[in-house]
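Engineer: target-v4.cif is reproduced in full below (mmCIF, C-alpha atoms and all ligand atoms).
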```
data_target
#
loop_
_atom_site.label_atom_id
_atom_site.label_comp_id
_atom_site.auth_asym_id
_atom_site.auth_seq_id
_atom_site.Cartn_x
_atom_site.Cartn_y
_atom_site.Cartn_z
CA MET I 191 9.78 -5.67 71.31
CA GLU I 192 10.27 -9.40 70.97
CA LYS I 193 13.83 -10.52 70.41
CA ARG I 194 14.94 -12.54 67.38
CA ASN I 195 16.91 -15.81 67.60
CA ASN I 196 13.71 -17.71 67.08
CA ASN I 197 14.41 -20.05 64.14
CA ASN I 198 10.79 -20.11 63.19
CA ARG I 199 10.54 -16.40 62.92
CA LEU I 200 12.20 -14.11 60.39
CA ARG I 201 12.04 -10.36 60.94
CA VAL I 202 12.62 -8.58 57.64
CA GLY I 203 13.14 -4.83 57.56
CA ILE I 204 12.13 -2.82 54.53
CA LEU I 205 13.08 0.77 53.79
CA THR I 206 12.64 3.24 50.96
CA GLY I 207 15.46 5.72 50.25
CA GLY I 208 16.24 8.59 47.87
CA GLY I 209 13.62 10.53 45.91
CA ASP I 210 10.12 9.09 46.12
CA CYS I 211 8.49 7.65 43.03
CA PRO I 212 5.26 5.91 42.05
CA GLY I 213 5.38 2.21 42.86
CA LEU I 214 7.21 2.26 46.21
CA ASN I 215 4.09 1.17 48.07
CA ALA I 216 3.58 -1.58 45.48
CA VAL I 217 7.02 -3.02 46.37
CA ILE I 218 6.13 -2.95 50.07
CA TYR I 219 2.83 -4.70 49.33
CA GLY I 220 4.56 -7.28 47.12
CA ALA I 221 7.00 -8.07 49.93
CA LEU I 222 4.11 -8.41 52.38
CA LEU I 223 2.26 -10.74 50.01
CA ARG I 224 5.24 -13.08 49.74
CA ALA I 225 5.74 -12.97 53.52
CA SER I 226 2.06 -13.75 54.13
CA GLU I 227 2.13 -16.98 52.12
CA GLU I 228 5.29 -18.43 53.70
CA SER I 229 4.46 -21.52 55.68
CA SER I 230 7.90 -22.75 56.74
CA LYS I 231 8.30 -19.91 59.23
CA GLN I 232 6.59 -16.78 60.43
CA VAL I 233 7.86 -13.81 58.47
CA GLU I 234 7.35 -10.48 60.14
CA VAL I 235 7.85 -7.40 58.01
CA VAL I 236 9.25 -4.34 59.77
CA GLY I 237 8.91 -0.99 58.03
CA ILE I 238 11.91 1.26 58.63
CA ILE I 239 10.99 4.92 58.56
CA LYS I 240 12.78 7.54 56.44
CA GLY I 241 15.40 5.55 54.56
CA TRP I 242 18.81 5.09 56.14
CA LYS I 243 18.18 7.71 58.83
CA VAL I 244 18.06 5.37 61.83
CA PHE I 245 21.24 3.61 60.64
CA ASN I 246 23.10 6.91 61.05
CA PHE I 247 22.66 7.01 64.83
CA PRO I 248 25.63 5.72 66.82
CA LYS I 249 24.90 2.35 68.39
CA SER I 250 24.91 3.92 71.85
CA GLU I 251 21.91 6.04 70.86
CA LEU I 252 19.84 3.21 69.42
CA THR I 253 17.59 2.93 72.46
CA LYS I 254 14.32 1.02 72.44
CA GLU I 255 12.45 4.31 72.25
CA LEU I 256 14.40 5.48 69.21
CA VAL I 257 14.14 2.11 67.46
CA ASP I 258 10.39 2.04 68.12
CA HIS I 259 10.14 5.52 66.65
CA TYR I 260 11.87 4.46 63.43
CA THR I 261 10.31 1.02 63.00
CA GLN I 262 6.81 -0.26 62.51
CA VAL I 263 5.63 -3.86 62.16
CA LEU I 264 3.51 -3.98 59.02
CA ASP I 265 0.21 -5.81 59.11
CA ILE I 266 -0.99 -6.71 55.61
CA GLY I 267 -4.55 -6.93 56.92
CA GLU I 268 -4.50 -3.20 57.49
CA LEU I 269 -2.94 -2.30 54.17
CA ASP I 270 -5.43 -3.50 51.56
CA ASP I 271 -4.46 -2.47 48.02
CA LEU I 272 -1.42 -0.55 49.18
CA HIS I 273 0.04 -1.03 45.68
CA THR I 274 -2.51 1.41 44.26
CA LYS I 275 -1.26 4.32 46.39
CA GLY I 276 1.42 6.82 45.38
CA GLY I 277 4.45 7.86 47.43
CA THR I 278 5.80 5.67 50.21
CA MET I 279 4.06 4.84 53.47
CA LEU I 280 7.52 4.46 55.04
CA TYR I 281 8.63 7.98 54.16
CA THR I 282 12.00 8.52 52.54
CA SER I 283 15.17 10.56 52.89
CA ARG I 284 18.45 11.13 51.12
CA THR I 285 20.45 10.15 54.23
CA ASN I 286 23.85 8.81 53.18
CA PRO I 287 25.61 6.78 55.89
CA PHE I 288 28.79 6.89 53.77
CA LYS I 289 28.84 10.68 53.47
CA ALA I 290 32.19 10.99 55.25
CA VAL I 291 33.83 8.78 52.58
CA ALA I 292 33.15 11.34 49.84
CA LYS I 293 35.37 13.87 51.62
CA LEU I 294 38.44 11.62 51.43
CA LYS I 295 40.76 11.77 48.42
CA ASP I 296 43.12 8.86 49.11
CA PRO I 297 41.64 5.62 47.66
CA GLN I 298 43.11 3.49 50.43
CA GLU I 299 41.63 5.72 53.14
CA ARG I 300 38.29 5.68 51.31
CA GLU I 301 38.31 1.90 51.15
CA GLN I 302 39.18 1.61 54.85
CA LEU I 303 36.44 3.99 55.95
CA THR I 304 33.87 2.35 53.64
CA LYS I 305 34.71 -1.02 55.21
CA LYS I 306 34.44 0.37 58.74
CA ILE I 307 31.08 2.03 58.06
CA GLY I 308 29.79 -1.03 56.15
CA GLU I 309 30.61 -3.30 59.09
CA ASP I 310 29.10 -0.88 61.59
CA LEU I 311 25.87 -0.56 59.57
CA ALA I 312 25.52 -4.33 59.21
CA SER I 313 25.96 -4.78 62.96
CA LYS I 314 23.01 -2.46 63.55
CA PHE I 315 20.58 -5.12 62.30
CA GLN I 316 20.88 -6.55 65.81
CA ASP I 317 19.99 -3.19 67.40
CA LEU I 318 17.02 -2.82 65.07
CA ASN I 319 15.98 -6.39 65.84
CA ILE I 320 15.88 -7.47 62.20
CA ASP I 321 17.39 -10.53 60.51
CA ALA I 322 17.46 -9.16 56.99
CA LEU I 323 16.69 -6.00 55.06
CA ILE I 324 15.08 -5.08 51.74
CA ALA I 325 16.39 -1.69 50.59
CA VAL I 326 14.28 -0.03 47.92
CA GLY I 327 15.95 2.82 46.08
CA GLY I 328 18.01 4.17 43.23
CA ASP I 329 21.77 3.99 42.67
CA ASP I 330 22.54 5.85 45.90
CA THR I 331 20.36 3.65 48.15
CA CYS I 332 21.38 0.46 46.35
CA GLY I 333 25.02 1.62 46.58
CA VAL I 334 24.71 1.83 50.36
CA ALA I 335 23.12 -1.63 50.42
CA ALA I 336 25.91 -2.98 48.19
CA ALA I 337 28.62 -1.65 50.52
CA MET I 338 26.82 -3.07 53.58
CA TYR I 339 26.75 -6.45 51.90
CA LYS I 340 30.30 -6.31 50.56
CA TYR I 341 31.99 -5.06 53.72
CA GLY I 342 29.62 -6.09 56.50
CA GLY I 343 28.12 -9.28 55.02
CA ALA I 344 24.67 -7.79 55.69
CA HIS I 345 21.67 -9.98 54.87
CA ILE I 346 20.39 -7.53 52.34
CA VAL I 347 18.45 -7.48 49.08
CA ALA I 348 17.77 -4.38 46.96
CA CYS I 349 14.94 -3.31 44.64
CA PRO I 350 15.73 -0.88 41.82
CA LYS I 351 13.62 2.26 42.07
CA THR I 352 14.00 5.53 40.24
CA ILE I 353 12.01 7.55 37.78
CA ASP I 354 15.36 8.18 36.06
CA ASN I 355 15.64 4.50 34.96
CA ASP I 356 19.42 4.72 35.23
CA LEU I 357 20.39 1.44 36.90
CA ALA I 358 22.62 -0.97 35.00
CA GLY I 359 21.26 -4.26 36.28
CA THR I 360 17.68 -4.06 35.10
CA ASP I 361 15.80 -3.41 31.89
CA PHE I 362 13.48 -0.99 33.72
CA THR I 363 13.27 0.46 37.19
CA PHE I 364 9.78 0.91 38.62
CA GLY I 365 8.53 4.52 38.70
CA PHE I 366 10.00 5.30 35.30
CA PHE I 367 6.90 4.73 33.20
CA SER I 368 4.66 6.68 35.58
CA GLY I 369 7.10 9.61 35.49
CA ALA I 370 7.52 9.41 31.72
CA GLN I 371 3.73 9.28 31.28
CA LEU I 372 3.23 12.38 33.43
CA ALA I 373 5.91 14.25 31.48
CA SER I 374 4.46 13.10 28.16
CA ASN I 375 0.97 14.21 29.19
CA THR I 376 2.25 17.68 30.11
CA LEU I 377 4.25 17.96 26.89
CA ASP I 378 1.11 16.96 24.99
CA ASN I 379 -0.98 19.47 26.92
CA LEU I 380 1.46 22.30 26.43
CA THR I 381 1.09 22.04 22.67
CA THR I 382 -2.39 23.58 22.90
CA THR I 383 -1.20 26.69 24.72
CA ALA I 384 1.95 26.83 22.59
CA HIS I 385 -0.30 26.64 19.55
CA SER I 386 -2.75 29.29 20.80
CA HIS I 387 0.00 31.82 21.51
CA GLN I 388 2.38 30.70 18.78
CA ARG I 389 5.11 30.28 21.34
CA ILE I 390 8.27 28.30 21.90
CA PHE I 391 8.07 26.27 25.13
CA VAL I 392 11.25 24.99 26.76
CA VAL I 393 10.17 22.21 29.12
CA GLU I 394 12.61 20.90 31.72
CA VAL I 395 12.16 17.21 32.44
CA MET I 396 13.71 15.47 35.50
CA GLY I 397 16.67 13.18 35.01
CA ARG I 398 19.98 13.94 36.62
CA ASP I 399 22.54 11.91 34.70
CA ALA I 400 20.42 9.96 32.27
CA GLY I 401 17.98 11.26 29.68
CA TRP I 402 15.59 8.28 29.59
CA LEU I 403 12.66 10.32 30.91
CA THR I 404 13.20 13.15 28.45
CA LEU I 405 13.76 10.79 25.55
CA TYR I 406 10.71 8.61 26.20
CA SER I 407 8.37 11.51 26.99
CA GLY I 408 9.81 13.60 24.15
CA LEU I 409 9.40 10.82 21.58
CA SER I 410 5.99 9.89 22.93
CA SER I 411 4.63 13.44 22.68
CA GLY I 412 6.45 14.34 19.47
CA ALA I 413 8.62 17.10 21.00
CA ASP I 414 10.34 19.20 18.32
CA ILE I 415 13.76 19.35 19.98
CA ILE I 416 15.03 16.88 22.61
CA LEU I 417 18.12 17.72 24.69
CA LEU I 418 19.76 14.95 26.73
CA PRO I 419 22.59 14.71 29.27
CA GLU I 420 24.26 11.93 27.26
CA VAL I 421 24.75 14.12 24.19
CA PRO I 422 26.02 17.62 25.13
CA PHE I 423 24.17 19.96 22.78
CA ASP I 424 25.34 22.68 20.45
CA PHE I 425 22.96 25.59 20.96
CA GLU I 426 23.40 26.95 17.41
CA HIS I 427 23.10 23.62 15.67
CA ASP I 428 20.62 21.74 17.88
CA VAL I 429 18.35 24.59 18.94
CA VAL I 430 18.69 27.76 16.83
CA ASP I 431 19.06 26.05 13.43
CA VAL I 432 16.19 23.64 14.11
CA LEU I 433 13.90 26.50 15.18
CA LYS I 434 14.78 28.45 12.02
CA LYS I 435 14.18 25.43 9.80
CA ARG I 436 10.85 24.87 11.49
CA ALA I 437 9.84 28.52 11.07
CA ASN I 438 10.87 28.25 7.44
CA ALA I 439 8.68 25.19 7.03
CA GLY I 440 5.69 27.08 8.38
CA TYR I 441 5.54 25.83 11.97
CA LYS I 442 4.07 28.38 14.37
CA PHE I 443 4.87 26.74 17.70
CA HIS I 444 7.69 24.62 19.03
CA ILE I 445 8.21 22.34 22.03
CA ILE I 446 11.74 21.81 23.35
CA ALA I 447 12.05 18.92 25.85
CA CYS I 448 15.17 19.60 27.86
CA SER I 449 16.54 17.18 30.38
CA GLU I 450 17.43 18.57 33.80
CA GLY I 451 20.97 17.27 33.28
CA ALA I 452 21.38 18.41 29.65
CA TYR I 453 24.21 20.86 29.14
CA PRO I 454 25.89 22.51 26.15
CA ASN I 455 29.20 21.20 24.87
CA PRO I 456 32.22 23.29 26.01
CA GLU I 457 32.49 25.14 22.70
CA SER I 458 28.81 26.09 22.67
CA LEU I 459 28.87 27.01 26.35
CA GLU I 460 31.70 29.45 25.68
CA ARG I 461 30.29 30.78 22.39
CA ASP I 462 26.51 30.88 22.93
CA PHE I 463 25.83 31.30 26.64
CA THR I 464 26.07 34.52 28.60
CA THR I 465 23.79 33.30 31.38
CA ILE I 466 25.94 30.38 32.60
CA SER I 467 29.56 29.29 32.59
CA GLN I 468 31.44 26.12 33.45
CA LYS I 469 32.09 27.69 36.87
CA ASP I 470 28.33 27.87 37.60
CA ILE I 471 27.99 24.17 36.82
CA GLU I 472 30.96 23.31 39.05
CA ALA I 473 29.66 25.57 41.86
CA LEU I 474 26.26 23.92 42.06
CA PRO I 475 25.27 22.78 45.58
CA LYS I 476 25.39 19.01 46.12
CA ASP I 477 23.05 16.58 47.88
CA SER I 478 24.28 14.21 50.61
CA PHE I 479 25.40 11.69 47.97
CA GLY I 480 27.51 14.37 46.27
CA ASN I 481 25.18 14.75 43.28
CA PRO I 482 24.98 18.33 41.97
CA ILE I 483 21.46 19.69 42.43
CA LEU I 484 20.93 20.33 38.74
CA SER I 485 17.48 21.81 39.15
CA LYS I 486 19.28 24.83 40.65
CA LEU I 487 20.91 25.43 37.27
CA ASN I 488 17.52 25.50 35.60
CA MET I 489 18.75 24.90 32.06
CA ALA I 490 15.30 25.46 30.56
CA SER I 491 15.23 29.03 31.83
CA LYS I 492 18.81 29.58 30.63
CA ILE I 493 17.79 28.45 27.14
CA GLU I 494 14.72 30.69 27.32
CA LYS I 495 16.91 33.68 28.24
CA GLU I 496 19.49 32.99 25.53
CA LEU I 497 16.74 32.68 22.91
CA GLN I 498 15.06 35.86 24.12
CA LYS I 499 18.22 37.85 23.52
CA ARG I 500 18.58 36.69 19.93
CA GLU I 501 17.35 39.50 17.69
CA ASP I 502 18.61 37.59 14.63
CA ILE I 503 16.21 34.69 15.22
CA LYS I 504 13.39 37.09 15.97
CA GLN I 505 14.01 38.83 12.67
CA TYR I 506 14.20 35.50 10.83
CA PHE I 507 10.84 34.52 12.33
CA ASN I 508 9.32 37.95 11.54
CA GLU I 509 10.38 37.71 7.91
CA ARG I 510 8.35 34.50 7.74
CA HIS I 511 5.37 36.01 9.58
CA ALA I 512 6.10 33.79 12.57
CA HIS I 513 5.62 35.09 16.08
CA TYR I 514 8.71 34.82 18.33
CA GLU I 515 8.01 34.42 22.03
CA ILE I 516 9.51 31.97 24.50
CA ARG I 517 8.45 30.49 27.82
CA SER I 518 10.06 27.87 30.05
CA VAL I 519 8.39 25.37 32.34
CA VAL I 520 10.01 23.07 34.92
CA LEU I 521 8.10 19.82 35.42
CA GLY I 522 10.17 18.99 38.52
CA HIS I 523 8.46 16.99 41.23
CA THR I 524 5.11 16.91 39.44
CA MET I 525 6.68 14.02 37.52
CA ARG I 526 7.22 11.92 40.63
CA SER I 527 3.84 12.61 42.17
CA GLY I 528 0.54 10.78 42.22
CA THR I 529 -0.44 7.17 41.85
CA PRO I 530 1.62 4.63 39.93
CA ASN I 531 0.41 3.53 36.50
CA VAL I 532 -0.47 -0.10 35.72
CA TYR I 533 3.07 -0.99 34.67
CA ASP I 534 4.68 0.34 37.85
CA ARG I 535 2.04 -1.17 40.15
CA VAL I 536 2.67 -4.59 38.67
CA LEU I 537 6.46 -4.22 38.38
CA GLY I 538 6.58 -2.91 41.98
CA LEU I 539 4.54 -5.88 43.21
CA ARG I 540 6.83 -8.27 41.36
CA TYR I 541 10.03 -6.67 42.67
CA GLY I 542 8.72 -6.69 46.26
CA TYR I 543 7.44 -10.26 46.01
CA HIS I 544 10.72 -11.57 44.59
CA ALA I 545 12.89 -9.54 46.98
CA MET I 546 11.11 -11.16 49.92
CA ASP I 547 11.48 -14.53 48.23
CA TYR I 548 15.28 -14.05 47.94
CA VAL I 549 15.36 -13.14 51.65
CA ILE I 550 13.37 -16.25 52.60
CA GLN I 551 15.67 -18.41 50.43
CA GLY I 552 18.74 -16.77 52.04
CA GLN I 553 19.90 -15.32 48.70
CA PHE I 554 21.54 -12.11 49.89
CA GLY I 555 23.60 -9.47 48.08
CA LYS I 556 21.11 -9.50 45.21
CA MET I 557 19.04 -6.87 43.45
CA THR I 558 15.74 -7.79 41.82
CA SER I 559 15.83 -7.00 38.13
CA LEU I 560 13.67 -7.16 35.04
CA GLN I 561 15.31 -9.18 32.26
CA GLY I 562 12.96 -9.11 29.31
CA THR I 563 9.73 -10.20 30.94
CA GLU I 564 11.21 -12.17 33.85
CA ILE I 565 12.30 -11.05 37.32
CA GLU I 566 15.83 -12.26 38.01
CA PRO I 567 18.32 -11.74 40.86
CA VAL I 568 21.46 -9.84 39.85
CA ASP I 569 24.56 -8.99 41.85
CA ILE I 570 23.78 -5.92 43.93
CA VAL I 571 27.14 -4.22 43.28
CA GLU I 572 27.01 -4.67 39.50
CA GLY I 573 23.26 -4.10 39.31
CA SER I 574 23.32 -0.75 41.07
CA LYS I 575 25.85 0.83 38.72
CA LYS I 576 24.69 3.68 36.46
CA ARG I 577 23.13 3.10 33.05
CA LEU I 578 22.94 5.97 30.58
CA ILE I 579 21.34 5.93 27.13
CA PRO I 580 23.82 4.09 24.86
CA LEU I 581 24.95 6.38 22.07
CA ASP I 582 24.14 3.72 19.46
CA SER I 583 20.57 3.31 20.75
CA ASP I 584 17.84 3.04 18.12
CA LEU I 585 15.90 5.54 20.25
CA LEU I 586 18.44 8.25 19.41
CA LYS I 587 18.17 7.44 15.68
CA ILE I 588 14.39 7.65 15.87
CA LYS I 589 14.69 10.98 17.73
CA GLU I 590 16.93 12.45 14.99
CA ALA I 591 14.61 11.21 12.25
CA MET I 592 11.50 12.51 14.01
CA ILE I 593 12.95 15.96 14.60
CA SER I 594 14.27 16.53 11.08
CA VAL I 595 11.47 14.92 9.07
CA LYS I 596 8.97 17.59 10.08
CA HIS I 597 10.80 20.53 8.55
CA LYS I 598 12.46 18.50 5.77
CA SER I 599 9.13 17.19 4.51
CA LYS I 600 7.65 20.70 4.31
CA GLU I 601 10.63 22.76 3.10
CA LYS I 602 9.50 22.51 -0.51
CA LEU I 603 6.25 24.31 0.22
CA PHE I 604 8.07 27.52 1.04
CA LYS I 605 10.79 27.64 -1.59
O1 LIG C 1 16.84 10.73 41.22
C1 LIG C 1 15.55 11.01 40.88
C2 LIG C 1 15.34 12.50 40.76
O2 LIG C 1 13.98 12.70 40.54
C3 LIG C 1 16.19 13.21 39.72
O3 LIG C 1 15.62 13.12 38.43
C4 LIG C 1 16.26 14.60 40.26
O4 LIG C 1 17.43 15.25 39.83
C5 LIG C 1 16.29 14.40 41.73
O5 LIG C 1 15.67 13.16 41.99
C6 LIG C 1 15.59 15.50 42.53
O6 LIG C 1 15.73 15.23 43.88
P1 LIG C 1 15.00 15.95 45.08
O7 LIG C 1 13.62 15.38 45.21
O8 LIG C 1 15.86 15.66 46.25
O9 LIG C 1 14.92 17.42 44.72
#
```
Could you render the structure from this file as structure tokens?

Structural biologist:
Amino acid sequence: MEKRNNNNRLRVGILTGGGDCPGLNAVIYGALLRASEESSKQVEVVGIIKGWKVFNFPKSELTKELVDHYTQVLDIGELDDLHTKGGTMLYTSRTNPFKAVAKLKDPQEREQLTKKIGEDLASKFQDLNIDALIAVGGDDTCGVAAAMYKYGGAHIVACPKTIDNDLAGTDFTFGFFSGAQLASNTLDNLTTTAHSHQRIFVVEVMGRDAGWLTLYSGLSSGADIILLPEVPFDFEHDVVDVLKKRANAGYKFHIIACSEGAYPNPESLERDFTTISQKDIEALPKDSFGNPILSKLNMASKIEKELQKREDIKQYFNERHAHYEIRSVVLGHTMRSGTPNVYDRVLGLRYGYHAMDYVIQGQFGKMTSLQGTEIEPVDIVEGSKKRLIPLDSDLLKIKEAMISVKHKSKEKLFK
């Protein structure tokens, strides 16, 4: 391994962290493209394998053998059209170097440990033989990068990835539109089987804290009920009543798009749910960033079970010659799989290209972001904060109108 300290050579690490998503390889390719055209110095791009994993080893264990195992110099000549491929060639992990901080309660102790870890992580650039790093990931990965920059002064730039689209600093993260398209396609497809059997389908769509995926795919496919984390639902009002109104209007099948992170409001949870309680939600296992693993709750199946038990709705449907049968489907990782769509290929290329440009210009502590149609650098700390669907969003108004207009416009036929 050649050592740095050569002013004409810049060794830039790149890693992908958190859940995979379509477009990660496009970012890597974009970064390589920008590196390949730089004439002022030789820019070598070093792929770092499996997210933050290698950063978690104590410095004493960062031997040449281990570093070689976790790093790989990327040669653009061998990676033609990498942006067209799904997943990440660098592998990924949910390794959280700041895991120990989450266990501390005292804010001062948390701050002190965060600083210590941030400094330690930044000093490992030397052991990894890199001058700068591009970290590609969601709020967790970007959060780690932000702390490394803030406390350790690391030469770091982040790229906002996540199918959840829940990062504050950018109009869109890459991966979102591929995920939303996959979910929309499945919601579209399920209408044929729902129609054939005259069934209710409860479809669980990924999205931990934010409902962007469910809202976009639900609107796009014309889902009949859309349940989002941002607006805790009332089972009677938002599900049962809508199903009854639809049955009354003559509809024979129904699609409910339910976000992974959607949950009933406390009153509805207490009143309408026998299959889950607040305790179950609190007792959910957590990932290394402390996020509850919501898929374990499986809200779609809970809704299916609660609906199945409701003889009153069944009778209401029967009286209107409507069949009453429910199924639930979890889209899960199918939504993150496969090749990126056009939008994410191009956005990924742009993020990667610009991230490498910021590194070459020495603009650290930034996150690439989409502002309208332009790629702009934003502060990494601010940019990597969470962004949920604003409650005054026009998208929510359109959702309400779309859901109610179907039964409202047909009610008269059955009076
Ligand atoms: O953060 C992206 C995401 O896809 C969430 O929507 C989901 O809750 C989570 O990742 C699932 O993570 P994992 O792949 O670790 O099960």

Engineer: Could you check the closest approach to ligand LIG 1 (chain C) for each of I:Lys476, I:Lys435, I:Lys240, I:His259 and tell me which residue wins, using only C-alpha atoms and all ligand atoms?

Structural biologist: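 Among the listed residues, I:Lys476 lies closest to ligand LIG 1 (chain C).
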
Engineer: Output the neighbourhood of ligand LIG 1 (chain C) as a list in words, that is, all protein and nucleic acid residues with some atom at most 6 Å from the ligand, counting all atoms listed in the file.

Structural biologist: Gly209, Thr352, Ile353, Asp354, Met396, Gly397 and Arg398 of chain I

Engineer: Store the residues picked out above, limited to C-alpha atoms, as a PDB file, in the coordinates of the input.

Structural biologist:
```
ATOM      1  CA  GLY I 209      13.620  10.530  45.910  1.00  0.00           C
ATOM      2  CA  THR I 352      14.000   5.530  40.240  1.00  0.00           C
ATOM      3  CA  ILE I 353      12.010   7.550  37.780  1.00  0.00           C
ATOM      4  CA  ASP I 354      15.360   8.180  36.060  1.00  0.00           C
ATOM      5  CA  MET I 396      13.710  15.470  35.500  1.00  0.00           C
ATOM      6  CA  GLY I 397      16.670  13.180  35.010  1.00  0.00           C
ATOM      7  CA  ARG I 398      19.980  13.940  36.620  1.00  0.00           C
TER       8      ARG I 398
END
```

Engineer: Calculated over all atoms listed in the file, which of the candidates I:Asp330, I:Asp424, I:Asp317, I:Glu601 has the smallest distance to Lys249 of chain I?

Structural biologist: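 Among I:Asp330, I:Asp424, I:Asp317, I:Glu601, it is I:Asp317 that comes nearest to Lys249 of chain I.
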
Engineer: For the atom pair atom CA of Ser313 of chain I and atom CA of Arg201 of chain I, what is the interatomic distance in Å to one decimal place?

Structural biologist: 15.1 Å

Engineer: Just want the 6 Å neighbourhood of segment 571-583 of chain I, counted on only C-alpha atoms, with same-chain residues fewer than 2 positions away dropped. Output as a list in words.

Structural biologist: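 The residues satisfying every condition are Asp329, Cys332, Ala336, Asp356, Leu357, Ala358, Gly359, Ala400, Asp569, Leu585 and Leu586 of chain I.
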
Engineer: Measuring between only C-alpha atoms, which one of I:Asn355, I:Thr376, I:Ser386, I:Thr529 shows the shortest distance to Asn215 of chain I?

Structural biologist: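 Nearest candidate to Asn215 of chain I out of I:Asn355, I:Thr376, I:Ser386, I:Thr529: I:Thr529.
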
Engineer: Kindly indicate which residue among I:Gly562, I:Gly220, I:Gly328, I:Gly440 lies nearest to Thr206 of chain I, using all atoms listed in the file for the distances.

Structural biologist: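 When distances to Thr206 of chain I are compared using all atoms listed in the file, the smallest one comes from I:Gly328.
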
Engineer: Any idea what's packed within 8 Å of His273 of chain I, counting all atoms listed in the file, ignoring anything in its chain fewer than 3 positions away? Could you give it as a list in words?

Structural biologist: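 So the residues in contact are Gly213, Leu214, Asn215, Ala216, Val217, Ile218, Tyr219, Gly220, Gly276, Arg535, Gly538 and Leu539 of chain I.
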
Engineer: For a test of reading the model, state the distance in Å between atom CA of Ala348 of chain I and atom CA of Cys211 of chain I, rounded to one decimal.

Structural biologist: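 Separation between atom CA of Ala348 of chain I and atom CA of Cys211 of chain I: 15.7 Å.
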
Engineer: Which residues of segment 368-398 of chain I sit at most 12 Å from segment 521-526 of chain I, using all atoms listed in the file? Give each one's shortest atom pair and distance in Å (one decimal place), in chain and ascending residue order, as a tab-separated table.

Structural biologist:
```
residue	atom	partner	partner_atom	distance
I:Ser368	CA	I:Arg526	CA	7.7
I:Gly369	CA	I:Met525	CA	4.9
I:Ala370	CA	I:Met525	CA	7.5
I:Gln371	CA	I:Met525	CA	8.4
I:Leu372	CA	I:Met525	CA	5.6
I:Ala373	CA	I:Met525	CA	6.1
I:Ser374	CA	I:Met525	CA	9.7
I:Asn375	CA	I:Met525	CA	10.1
I:Thr376	CA	I:Leu521	CA	8.2
I:Leu377	CA	I:Leu521	CA	9.5
I:Leu380	CA	I:Leu521	CA	11.4
I:Val392	CA	I:Leu521	CA	10.6
I:Val393	CA	I:Leu521	CA	7.0
I:Glu394	CA	I:Leu521	CA	5.9
I:Val395	CA	I:Leu521	CA	5.7
I:Met396	CA	I:Gly522	CA	5.8
I:Gly397	CA	I:Gly522	CA	9.4
I:Arg398	CA	I:Gly522	CA	11.2
```

Engineer: Give me, please, the distance in Å between atom CA of Met489 of chain I and atom CA of Asp477 of chain I, quoted to one decimal.

Structural biologist: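 Computing it gives 18.4 Å between the two atoms.
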
Engineer: Out of I:Lys495, I:Ala322, I:Gly208, I:Gly203, which residue has the shortest atom-to-atom distance to Val263 of chain I when counting all atoms listed in the file?

Structural biologist: I:Gly203

Engineer: Within 12 Å of (23.3, 2.9, 59.6), only C-alpha atoms: residues as a ChimeraX atom specification?

Structural biologist: /I:205,238,240-249,251-252,285-289,306-318,323,331,334-335,337-338,342,344

Engineer: Could you check the closest approach to Ile390 of chain I for each of I:Lys504, I:Lys469, I:Leu403, I:Phe364 and tell me which residue wins, using all atoms listed in the file?

Structural biologist: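 Of the candidates, the smallest distance to Ile390 of chain I is held by I:Lys504.
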
Engineer: Give me the residues near Gly401 of chain I as a ChimeraX atom specification, where near means some atom within 7 Å (using only C-alpha atoms) and where sequence neighbours in that chain fewer than 2 positions away do not count.

Structural biologist: /I:397,399,403-405,418-420,449,579

Engineer: Quick one: everything within 10 Å of Gln232 of chain I, counting only C-alpha atoms, minus sequence neighbours fewer than 6 positions away in the same chain. Send it as a ChimeraX atom specification.

Structural biologist: /I:196-201,225-226

Engineer: Hey, could you patch up segment 283-290 of chain I with N, CA and C atoms and hand it over as an mmCIF file, in the frame of the given file?

Structural biologist:
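Listed below is the output, part_8.cif:
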```
data_model
loop_
_atom_site.group_PDB
_atom_site.id
_atom_site.type_symbol
_atom_site.label_atom_id
_atom_site.label_comp_id
_atom_site.auth_asym_id
_atom_site.auth_seq_id
_atom_site.Cartn_x
_atom_site.Cartn_y
_atom_site.Cartn_z
ATOM 1 N N SER I 283 14.209 9.470 52.671
ATOM 2 C CA SER I 283 15.170 10.560 52.890
ATOM 3 C C SER I 283 16.393 10.286 52.027
ATOM 4 N N ARG I 284 17.196 11.316 51.867
ATOM 5 C CA ARG I 284 18.450 11.130 51.120
ATOM 6 C C ARG I 284 19.631 10.962 52.078
ATOM 7 N N THR I 285 19.374 10.373 53.251
ATOM 8 C CA THR I 285 20.450 10.150 54.230
ATOM 9 C C THR I 285 21.500 9.220 53.628
ATOM 10 N N ASN I 286 22.762 9.640 53.690
ATOM 11 C CA ASN I 286 23.850 8.810 53.180
ATOM 12 C C ASN I 286 24.797 8.425 54.308
ATOM 13 N N PRO I 287 24.722 7.186 54.803
ATOM 14 C CA PRO I 287 25.610 6.780 55.890
ATOM 15 C C PRO I 287 27.096 6.836 55.514
ATOM 16 N N PHE I 288 27.380 6.868 54.211
ATOM 17 C CA PHE I 288 28.790 6.890 53.770
ATOM 18 C C PHE I 288 29.258 8.298 53.390
ATOM 19 N N LYS I 289 28.539 9.287 53.858
ATOM 20 C CA LYS I 289 28.840 10.680 53.470
ATOM 21 C C LYS I 289 30.300 11.059 53.739
ATOM 22 N N ALA I 290 30.821 10.601 54.871
ATOM 23 C CA ALA I 290 32.190 10.990 55.250
ATOM 24 C C ALA I 290 33.217 10.475 54.239
#
```
